[in-house]
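Novice: Structure file input_29.txt, compact mmCIF, C-alpha atoms and all ligand atoms, is pasted below:
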# COMPACT_ATOMS: atom_id res chain seq x y z
CA MET A 1 69.30 141.05 134.03
CA ASP A 2 69.99 137.39 134.70
CA GLY A 3 72.58 136.80 137.40
CA ALA A 4 72.72 133.08 136.57
CA VAL A 5 73.11 130.44 139.28
CA VAL A 6 74.93 132.40 141.97
CA SER A 7 72.68 135.48 141.84
CA ASN A 8 69.64 134.66 139.77
CA VAL A 9 67.88 137.87 140.81
CA PRO A 10 70.91 140.16 141.19
CA TYR A 11 69.91 142.51 144.01
CA ASP A 12 73.54 143.26 144.87
CA ALA A 13 74.38 144.41 141.35
CA ALA A 14 71.38 146.76 141.46
CA ARG A 15 72.42 148.11 144.88
CA ALA A 16 75.86 148.94 143.52
CA LEU A 17 74.18 151.53 141.29
CA GLY A 18 73.10 153.49 144.40
CA PRO A 19 69.31 153.57 143.91
CA GLU A 20 66.71 154.64 146.51
CA LEU A 21 64.54 151.67 145.56
CA ILE A 22 65.05 148.41 143.66
CA VAL A 23 62.24 146.85 141.63
CA ALA A 24 62.97 143.14 141.23
CA VAL A 25 60.98 141.13 138.69
CA ASP A 26 61.67 137.46 139.28
CA VAL A 27 60.69 135.23 136.36
CA SER A 28 62.56 132.20 137.61
CA ALA A 29 60.84 128.85 138.03
CA SER A 30 62.63 128.12 141.23
CA SER A 31 59.79 128.33 143.74
CA VAL A 32 57.49 125.96 141.90
CA LEU A 33 56.64 122.59 143.45
CA THR A 34 57.51 119.95 140.85
CA ALA A 35 56.27 116.47 141.61
CA ASP A 36 57.47 114.67 138.49
CA ALA A 37 61.10 115.81 138.07
CA GLN A 38 62.27 112.28 138.87
CA ASP A 39 60.43 110.98 135.79
CA GLU A 40 62.37 113.22 133.41
CA GLY A 41 65.74 111.49 133.61
CA PHE A 42 69.07 112.83 134.79
CA ALA A 43 68.82 116.14 132.92
CA GLY A 44 65.40 116.89 134.44
CA VAL A 45 66.54 116.05 137.96
CA PHE A 46 69.75 118.07 137.54
CA ALA A 47 67.82 121.09 136.23
CA ARG A 48 65.38 120.88 139.16
CA ALA A 49 68.29 120.58 141.63
CA THR A 50 69.82 123.72 140.11
CA GLU A 51 66.51 125.58 140.46
CA ILE A 52 66.34 124.62 144.15
CA LEU A 53 69.98 125.73 144.61
CA MET A 54 69.28 129.11 142.99
CA ASN A 55 66.18 129.62 145.10
CA THR A 56 68.03 128.74 148.32
CA LEU A 57 70.87 131.13 147.51
CA LEU A 58 68.36 133.87 146.77
CA GLU A 59 66.45 133.31 150.01
CA GLN A 60 69.65 133.37 152.05
CA ARG A 61 70.84 136.54 150.35
CA VAL A 62 67.69 138.52 151.03
CA ARG A 63 66.97 137.15 154.53
CA THR A 64 68.94 139.98 156.12
CA TRP A 65 68.40 142.57 153.40
CA THR A 66 68.10 146.15 154.65
CA THR A 67 68.52 149.05 152.21
CA PRO A 68 67.63 150.15 149.68
CA PRO A 69 64.14 148.68 149.97
CA VAL A 70 63.20 146.16 147.28
CA TYR A 71 59.76 145.87 145.70
CA TYR A 72 59.63 142.24 144.62
CA ILE A 73 57.36 141.13 141.77
CA GLN A 74 56.85 137.48 140.90
CA PRO A 75 54.92 137.07 137.63
CA ARG A 76 52.91 133.85 137.22
CA VAL A 77 55.48 131.97 135.18
CA GLU A 78 56.44 129.37 137.75
CA HIS A 79 55.36 126.60 135.35
CA VAL A 80 58.13 127.58 132.91
CA THR A 81 61.24 125.57 133.67
CA MET A 82 64.80 126.87 133.51
CA PHE A 83 65.57 125.62 129.99
CA SER A 84 62.21 126.45 128.35
CA PHE A 85 63.65 129.11 126.07
CA ASP A 86 60.61 128.99 123.78
CA HIS A 87 58.56 130.68 126.54
CA LEU A 88 60.51 133.93 126.34
CA ARG A 89 57.64 136.03 124.96
CA GLU A 90 55.22 134.66 127.56
CA GLU A 91 57.67 135.53 130.36
CA VAL A 92 58.24 139.07 129.11
CA GLU A 93 54.51 139.72 128.63
CA GLU A 94 53.58 138.30 132.03
CA GLY A 95 56.42 140.24 133.65
CA TYR A 96 55.11 143.44 132.06
CA ARG A 97 51.53 142.68 133.14
CA ALA A 98 52.53 141.90 136.74
CA THR A 99 54.68 145.02 136.98
CA ALA A 100 51.94 147.27 135.56
CA ALA A 101 49.46 145.79 138.06
CA ALA A 102 51.90 146.38 140.93
CA LEU A 103 52.27 150.04 139.92
CA ASP A 104 48.54 150.47 140.61
CA ARG A 105 48.92 149.18 144.18
CA THR A 106 50.69 152.29 145.42
CA ASP A 107 49.90 151.63 149.10
CA GLU A 108 52.18 148.55 149.00
CA TRP A 109 55.30 150.34 147.88
CA PRO A 110 58.10 151.28 150.27
CA GLU A 111 59.19 154.84 150.90
CA PRO A 112 62.83 155.84 150.45
CA GLY A 113 64.60 154.91 153.68
CA ASP A 114 62.35 151.91 154.44
CA VAL A 115 64.13 148.61 154.90
CA GLY A 116 63.62 145.09 153.61
CA ILE A 117 61.61 143.37 150.90
CA TYR A 118 58.11 144.56 149.91
CA PRO A 119 55.13 144.21 149.70
CA LYS A 120 54.71 143.16 153.32
CA ARG A 121 51.63 141.36 154.57
CA ARG A 122 50.52 140.11 157.97
CA VAL A 123 49.94 136.35 158.04
CA MET A 124 48.95 133.83 160.69
CA VAL A 125 50.99 130.62 160.71
CA ARG A 126 49.80 127.41 162.33
CA VAL A 127 50.59 123.71 162.33
CA GLU A 128 47.92 121.10 161.65
CA ARG A 129 48.76 118.96 164.62
CA GLU A 130 47.34 115.71 163.27
CA ARG A 131 49.52 115.96 160.14
CA CYS A 132 52.75 116.74 161.96
CA ILE A 133 55.14 113.77 162.19
CA GLY A 134 57.65 115.57 164.40
CA CYS A 135 60.52 115.42 161.89
CA GLY A 136 61.94 118.77 163.06
CA THR A 137 62.54 120.14 159.54
CA CYS A 138 60.68 123.36 160.33
CA LEU A 139 62.98 123.98 163.31
CA VAL A 140 65.93 123.90 160.91
CA HIS A 141 64.49 125.86 157.99
CA GLY A 142 62.20 128.31 159.81
CA PRO A 143 63.36 131.49 161.56
CA GLN A 144 65.28 130.67 164.71
CA GLY A 145 62.90 129.88 167.62
CA MET A 146 59.74 130.12 165.55
CA PHE A 147 58.95 126.39 165.92
CA VAL A 148 59.44 124.10 168.89
CA LEU A 149 58.52 120.46 169.43
CA ASP A 150 56.22 119.80 172.37
CA SER A 151 56.29 116.78 174.67
CA GLU A 152 54.40 114.70 172.04
CA ARG A 153 56.94 115.67 169.34
CA LYS A 154 54.45 117.87 167.53
CA ALA A 155 55.59 121.21 166.12
CA VAL A 156 54.19 124.32 167.81
CA VAL A 157 54.42 127.83 166.38
CA THR A 158 55.80 130.28 168.95
CA GLN A 159 55.13 133.43 166.88
CA PRO A 160 52.02 132.78 164.75
CA ASP A 161 51.47 136.44 163.85
CA GLN A 162 54.09 137.26 161.22
CA GLU A 163 54.84 140.05 158.77
CA TRP A 164 55.96 138.48 155.51
CA SER A 165 57.50 139.72 152.33
CA PRO A 166 57.17 137.51 149.22
CA MET A 167 60.54 136.00 150.11
CA ASP A 168 59.41 134.71 153.50
CA GLY A 169 57.73 131.44 154.37
CA GLY A 170 59.83 129.17 152.15
CA TYR A 171 60.09 126.72 155.04
CA ILE A 172 56.45 125.77 154.48
CA ARG A 173 57.50 123.95 151.34
CA HIS A 174 60.02 121.89 153.29
CA CYS A 175 57.43 120.29 155.56
CA PRO A 176 57.10 116.72 154.22
CA THR A 177 53.43 116.38 155.25
CA TYR A 178 52.28 119.91 154.33
CA ALA A 179 51.30 120.45 157.97
CA ILE A 180 52.24 124.15 158.11
CA ILE A 181 49.50 126.55 157.03
CA ALA A 182 49.81 130.31 156.51
CA ARG A 183 46.83 132.57 155.86
CA PRO A 184 46.50 136.33 155.52
CA ALA A 185 45.86 137.64 159.04
CA ASP A 186 42.47 139.22 158.23
CA GLN A 187 41.24 135.98 156.60
CA ALA A 188 42.43 133.90 159.57
CA LYS A 189 40.55 136.18 162.00
CA GLU A 190 37.39 135.90 159.89
CA MET A 191 37.63 132.08 159.91
CA ARG A 192 38.05 132.02 163.70
CA ARG A 193 34.99 134.26 164.11
CA SER A 194 32.82 132.03 161.90
CA GLY A 195 34.02 128.97 163.84
S1 LIG B 1 58.32 120.08 159.24
FE1 LIG B 1 56.14 119.59 159.31
S2 LIG B 1 56.03 117.46 159.99
FE2 LIG B 1 58.10 118.19 160.45
S3 LIG B 1 57.95 118.91 162.60
FE3 LIG B 1 57.58 120.68 161.27
S4 LIG B 1 55.33 120.75 161.05
FE4 LIG B 1 55.86 118.72 161.80
How would this structure read if it were set down as structure tokens?
Ligand code: SF4
Specialist:
Amino acid sequence: MDGAVVSNVPYDAARALGPELIVAVDVSASSVLTADAQDEGFAGVFARATEILMNTLLEQRVRTWTTPPVYYIQPRVEHVTMFSFDHLREEVEEGYRATAAALDRTDEWPEPGDVGIYPKRRVMVRVERERCIGCGTCLVHGPQGMFVLDSERKAVVTQPDQEWSPMDGGYIRHCPTYAIIARPADQAKEMRRSG
């Protein structure tokens, strides 16, 4: 169901039902990067601001989530904005497709008693030093202590090897110069090997 602005993906309401596992299908547009919202007038900017607010509330809510474990599915509908009601069929069909595909990936699913948000993947995070302007935004939005500024005011990652759920890594979007890169750990190793 739609938990509106305060709880757009209502994990807490699902937990109140006492399940062993929650399957969350998030069809919101809130994680999409929208470059032209400012060209759409006040209503467009206000809608985009509301999407960012909903996404921030959601991220904060699940940051410390424990039990029951949540399997989080994000269908590819990020291009559909909050008030695009004529895309309802597309959203339902893509939600169904993404959920059916996730059911086939049984190795990703949590067991009863596991904690947190799934699926989890190992990623390597790094900063492209030449792009970093030392603004410090990643120190504010990233996990505490994950980034520090060195003596040249360039961000350095203190814990590059991370285990992420789909809800992690939002701070990458806050870097104004797109200097923070995250790659699946196996891919990053392969790239290092090939030079
Ligand atoms: S947010 Fe980006 S530009 Fe700012 S300090 Fe961090 S890596 Fe550098």
Novice: Got a sec to check which residues lie within 8 Å of ligand LIG 1 (chain B), using all atoms listed in the file, and send them as a list in words?
Specialist: Val127, Glu128, Arg129, Arg131, Cys132, Ile133, Gly134, Cys135, Gly136, Thr137, Cys138, Leu139, Phe147, Leu149, Arg153, Lys154, Ala155, Val156, Ile172, His174, Cys175, Pro176, Thr177, Tyr178, Ala179 and Ile180 of chain A
Novice: So which residues touch region 67-82 of chain A within 7 Å, counting only C-alpha atoms, skipping near sequence neighbours fewer than 6 positions away, as a list in words?
Specialist: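 The contact residues come out as Pro19, Glu20, Leu21, Ile22, Val23, Ala24, Val25, Asp26, Val27, Ser28, Ala29, Ser31, Val32, Glu91, Glu94, Gly95, Ala98, Thr99, Trp109, Pro110, Gly113, Asp114, Val115, Gly116, Ile117, Tyr118 and Pro119 of chain A.
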Novice: Limited to C-alpha atoms, could you put the picked residues into a file as a short mmCIF file (atom, residue, chain, number, x, y, z; two decimals), keeping the file's coordinate frame?
Specialist:
data_model
loop_
_atom_site.label_atom_id
_atom_site.label_comp_id
_atom_site.auth_asym_id
_atom_site.auth_seq_id
_atom_site.Cartn_x
_atom_site.Cartn_y
_atom_site.Cartn_z
CA PRO A 19 69.31 153.57 143.91
CA GLU A 20 66.71 154.64 146.51
CA LEU A 21 64.54 151.67 145.56
CA ILE A 22 65.05 148.41 143.66
CA VAL A 23 62.24 146.85 141.63
CA ALA A 24 62.97 143.14 141.23
CA VAL A 25 60.98 141.13 138.69
CA ASP A 26 61.67 137.46 139.28
CA VAL A 27 60.69 135.23 136.36
CA SER A 28 62.56 132.20 137.61
CA ALA A 29 60.84 128.85 138.03
CA SER A 31 59.79 128.33 143.74
CA VAL A 32 57.49 125.96 141.90
CA GLU A 91 57.67 135.53 130.36
CA GLU A 94 53.58 138.30 132.03
CA GLY A 95 56.42 140.24 133.65
CA ALA A 98 52.53 141.90 136.74
CA THR A 99 54.68 145.02 136.98
CA TRP A 109 55.30 150.34 147.88
CA PRO A 110 58.10 151.28 150.27
CA GLY A 113 64.60 154.91 153.68
CA ASP A 114 62.35 151.91 154.44
CA VAL A 115 64.13 148.61 154.90
CA GLY A 116 63.62 145.09 153.61
CA ILE A 117 61.61 143.37 150.90
CA TYR A 118 58.11 144.56 149.91
CA PRO A 119 55.13 144.21 149.70
#
Novice: Separation of CA of Gln144 (chain A) and CA of Val6 (chain A), in Å?
Specialist: 24.8 Å
Novice: Which one of A:Pro160, A:Glu111, A:Phe85, A:Ser7 sits closest to Leu53 (chain A) if you count all atoms listed in the file?
Specialist: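 Among the listed residues, the smallest separation from Leu53 (chain A) belongs to A:Ser7.
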Novice: Please determine, counting all atoms listed in the file, which residue among A:Phe83, A:Gly170, A:Asp104, A:Ile181 has the shortest atom-to-atom distance to Ala43 (chain A).
Specialist: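 With all atoms listed in the file as the atom set, the closest residue is A:Phe83.
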Novice: Which of these residues is nearest to Ile52 (chain A), using all atoms listed in the file: A:Arg97, A:Arg183, A:Arg173, A:His87?
Specialist: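 The closest residue to Ile52 (chain A) is A:Arg173.
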Novice: From the options A:Ala182, A:Val92, A:Ala101, A:Val140, which residue's atoms come nearest to Met124 (chain A), counting only C-alpha atoms?
Specialist: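 Using only C-alpha atoms, the shortest distance to Met124 (chain A) belongs to A:Ala182.
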Novice: May I ask which of the residues A:Asn8, A:Ser165, A:Gln187, A:Ser84 is the closest one to Arg63 (chain A), counting only C-alpha atoms?
Specialist: A:Ser165
Novice: Of the residues A:Ala185, A:Val45, A:Val5, A:Leu58, which is the one nearest to Val123 (chain A), using all atoms listed in the file?
Specialist: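 Closest to Val123 (chain A) of all the choices is A:Ala185.
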Novice: So that I can check the surroundings of Trp164 (chain A), please list as a list in words every protein, DNA and RNA residue that reaches within 8 Å of it, counting only C-alpha atoms and ignoring chain neighbours fewer than 3 positions away.
Specialist: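 Residues meeting the cut-off are Lys120, Arg121, Arg122, Val123, Met167, Asp168 and Gly169 of chain A.
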Novice: Could you please determine the separation between CA of Pro112 (chain A) and CA of Met54 (chain A) in Å, to one decimal place?
Specialist: 28.5 Å
Novice: CA of Asp186 (chain A) to CA of Asp161 (chain A): how many Å, to one decimal?
Specialist: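 According to the coordinates, CA of Asp186 (chain A) and CA of Asp161 (chain A) are separated by 11.0 Å.
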Novice: Applying 9 Å and all atoms listed in the file, which residues near Gly145 (chain A) remain after dropping the ones on its own chain fewer than 5 positions away? List them as a list in words.
Specialist: Leu139, Val157, Thr158 and Gln159 of chain A
Novice: Write region 159-174 of chain A as an mmCIF file, in the coordinates of the input, completed to N, CA and C atoms.
Specialist:
data_model
loop_
_atom_site.group_PDB
_atom_site.id
_atom_site.type_symbol
_atom_site.label_atom_id
_atom_site.label_comp_id
_atom_site.auth_asym_id
_atom_site.auth_seq_id
_atom_site.Cartn_x
_atom_site.Cartn_y
_atom_site.Cartn_z
ATOM 1 N N GLN A 159 55.514 132.070 167.296
ATOM 2 C CA GLN A 159 55.130 133.430 166.880
ATOM 3 C C GLN A 159 54.206 133.322 165.666
ATOM 4 N N PRO A 160 52.917 133.002 165.901
ATOM 5 C CA PRO A 160 52.020 132.780 164.750
ATOM 6 C C PRO A 160 51.745 134.034 163.930
ATOM 7 N N ASP A 161 51.775 135.197 164.574
ATOM 8 C CA ASP A 161 51.470 136.440 163.850
ATOM 9 C C ASP A 161 52.758 136.976 163.234
ATOM 10 N N GLN A 162 52.860 136.911 161.910
ATOM 11 C CA GLN A 162 54.090 137.260 161.220
ATOM 12 C C GLN A 162 53.853 138.360 160.193
ATOM 13 N N GLU A 163 54.891 139.115 159.901
ATOM 14 C CA GLU A 163 54.840 140.050 158.770
ATOM 15 C C GLU A 163 55.772 139.498 157.695
ATOM 16 N N TRP A 164 55.185 139.151 156.555
ATOM 17 C CA TRP A 164 55.960 138.480 155.510
ATOM 18 C C TRP A 164 56.130 139.367 154.281
ATOM 19 N N SER A 165 57.298 139.249 153.693
ATOM 20 C CA SER A 165 57.500 139.720 152.330
ATOM 21 C C SER A 165 57.313 138.502 151.425
ATOM 22 N N PRO A 166 57.324 138.680 150.098
ATOM 23 C CA PRO A 166 57.170 137.510 149.220
ATOM 24 C C PRO A 166 58.309 136.504 149.370
ATOM 25 N N MET A 167 59.412 136.912 149.971
ATOM 26 C CA MET A 167 60.540 136.000 150.110
ATOM 27 C C MET A 167 60.474 135.169 151.386
ATOM 28 N N ASP A 168 59.509 135.442 152.245
ATOM 29 C CA ASP A 168 59.410 134.710 153.500
ATOM 30 C C ASP A 168 58.513 133.485 153.354
ATOM 31 N N GLY A 169 58.637 132.587 154.318
ATOM 32 C CA GLY A 169 57.730 131.440 154.370
ATOM 33 C C GLY A 169 58.146 130.257 153.538
ATOM 34 N N GLY A 170 59.366 130.292 152.970
ATOM 35 C CA GLY A 170 59.830 129.170 152.150
ATOM 36 C C GLY A 170 59.871 127.858 152.913
ATOM 37 N N TYR A 171 59.998 127.944 154.243
ATOM 38 C CA TYR A 171 60.090 126.720 155.040
ATOM 39 C C TYR A 171 58.810 125.893 154.980
ATOM 40 N N ILE A 172 57.697 126.531 154.605
ATOM 41 C CA ILE A 172 56.450 125.770 154.480
ATOM 42 C C ILE A 172 56.588 124.649 153.459
ATOM 43 N N ARG A 173 57.331 124.947 152.397
ATOM 44 C CA ARG A 173 57.500 123.950 151.340
ATOM 45 C C ARG A 173 58.357 122.773 151.792
ATOM 46 N N HIS A 174 59.140 122.968 152.839
ATOM 47 C CA HIS A 174 60.020 121.890 153.290
ATOM 48 C C HIS A 174 59.331 120.894 154.204
#
